[in-house]
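Colleague: Below you will find the structure I want to go over with you.
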Amino acid sequence: MNPQTYLEHLELLRQAIRELSEHWTMVLCTRDQCLVAITTLLLEQVMPVAGSTTELLALELPQEHRLLVICDDTGSDGGAEELMFQMRHRHGARRCHFLIGLERDVPQQRLERLWRCGAHAILCWQNCGEGQMMQAIAVLMRGNTFLDPALGERLRHPLACSALTASHLKLSKREEGLIRLVAHGRNSREIAALKQVRDDSVRHELSELYRKTGVRSRDGLLAWGLEHGLIRPHDLRA
């Protein structure tokens with residue numbers, strides 16, 4: 001791609017983001033000043049910058065906007081995985097969307113885990129200057145997911161055969177369906193009405209799910225469901 005074509009390509013992406021970002025707040029979470037500079041140069045929108053999950057949680061962000069968090073996985077307070085969990089807990093799962101930038105040689109296990117935990121876009125930092133970051137943001141704002149080709153190929157085969165369902169824990173279809181109903185915001189009484197069973201039967205099933213999955217609350221169950229691929233962030237009702 002010659003320089004003029006490249007600049008035209010970037011301008012088209014900027015225009016797309018400009019049109020899509022009216023109801024979005026973007027925030028950058030990284031301590032890498034090089035990444036801060038690159039992101040600032042590529043994007044027109046002025047965004048808050050936080051150096052850690054703790055700093056990000058302390059920011060006063062608009063309540064009416066959806067949140068797009070651009071981050072890396074180098075934070076000392078749990079990395080991108082902990083950041084996603086804390087932001088969903090603070091601001092609501094449906095509001096929060098995550099673009100995670102990783103190195104090309106990120107360990108396979110970590111790459112798979114971040115995707116299973118509900119990243120909406122995964123980008124190879126080495127490619128962000130080629131327009132991949134802006135493309136990922138535009139795709140994400142349209143309600144889709146984005147995988148950088150440099151990392152997506154590594155995910156495609158392992159994800160097809162990995163434990164995206166919780167079959168290794170021998171969850172029944174009924175139990176999987178219960179997790180999805182919880183994700184959709186249904187309480188015990190509503191679930192009981194849908195299933196035409198007693199309220200205490202549903203509460204007992206939930207208690208058994210907590211025991212089996214090793215969690216203590218509905219929020220913990222939803223986090224577990226995200227990690228194991230039973231639900232995705234867009235399934236969650238804030």
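Each chain in the structure tokens gets a letter, A, B and so on, in the order shown; residues start at 1 in every chain, and ligands are counted from 1 in the order they appear.
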Counting only C-alpha atoms, what is within 12 Å of A:Gly220, bar same-chain residues fewer than 4 positions away, as a list in words?

Modeller: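 Once the nearby chain positions are removed, what remains is Phe85, Gln86, Arg88, His89, Ile179, Val182, Ala183, Leu206, Leu209, Tyr210, Arg211, Thr213, Gly214, Val215, Arg216, Trp224, Gly225, Leu226 and Glu227 of chain A.
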
Colleague: So that I can check the secondary structure, give me every residue of stretch 45-228 of chain A assigned alpha helix (DSSP H) by backbone DSSP, as a PyMOL selection string.

Modeller: chain A and resi 53-58+79-91+108-116+132-141+149-161+173-183+188-195+199-213+218-227

Colleague: What separation in Å, quoted to one decimal, exists between atom CA of A:Met141 and atom CA of A:Ser21?

Modeller: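 Rounded to one decimal, the two atoms are 7.3 Å apart.
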
Colleague: Per residue of stretch 76-113 of chain A within 6 Å of stretch 61-68 of chain A, which atom pair is closest and at what distance in Å (one decimal), using only C-alpha atoms, listed by chain and increasing number, as CSV?

Modeller:
```
residue,atom,partner,partner_atom,distance
A:Arg95,CA,A:Arg66,CA,4.7
A:Cys96,CA,A:Leu67,CA,4.9
A:His97,CA,A:Leu68,CA,4.8
A:Phe98,CA,A:Leu68,CA,5.8
```

Colleague: With only C-alpha atoms as the atoms that count, which of A:Gln135, A:Gln108, A:Gln45, A:Gln4 lies nearest to A:Leu155?

Modeller: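 For A:Leu155, the nearest of the candidates is A:Gln108.
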
Colleague: Please list as JSON, numbers by chain every residue within 8 Å of A:Leu28, counting only C-alpha atoms and excluding residues in the same chain fewer than 2 positions away.

Modeller: {"A": [26, 30, 36, 47, 48, 49, 50, 69, 70, 71]}
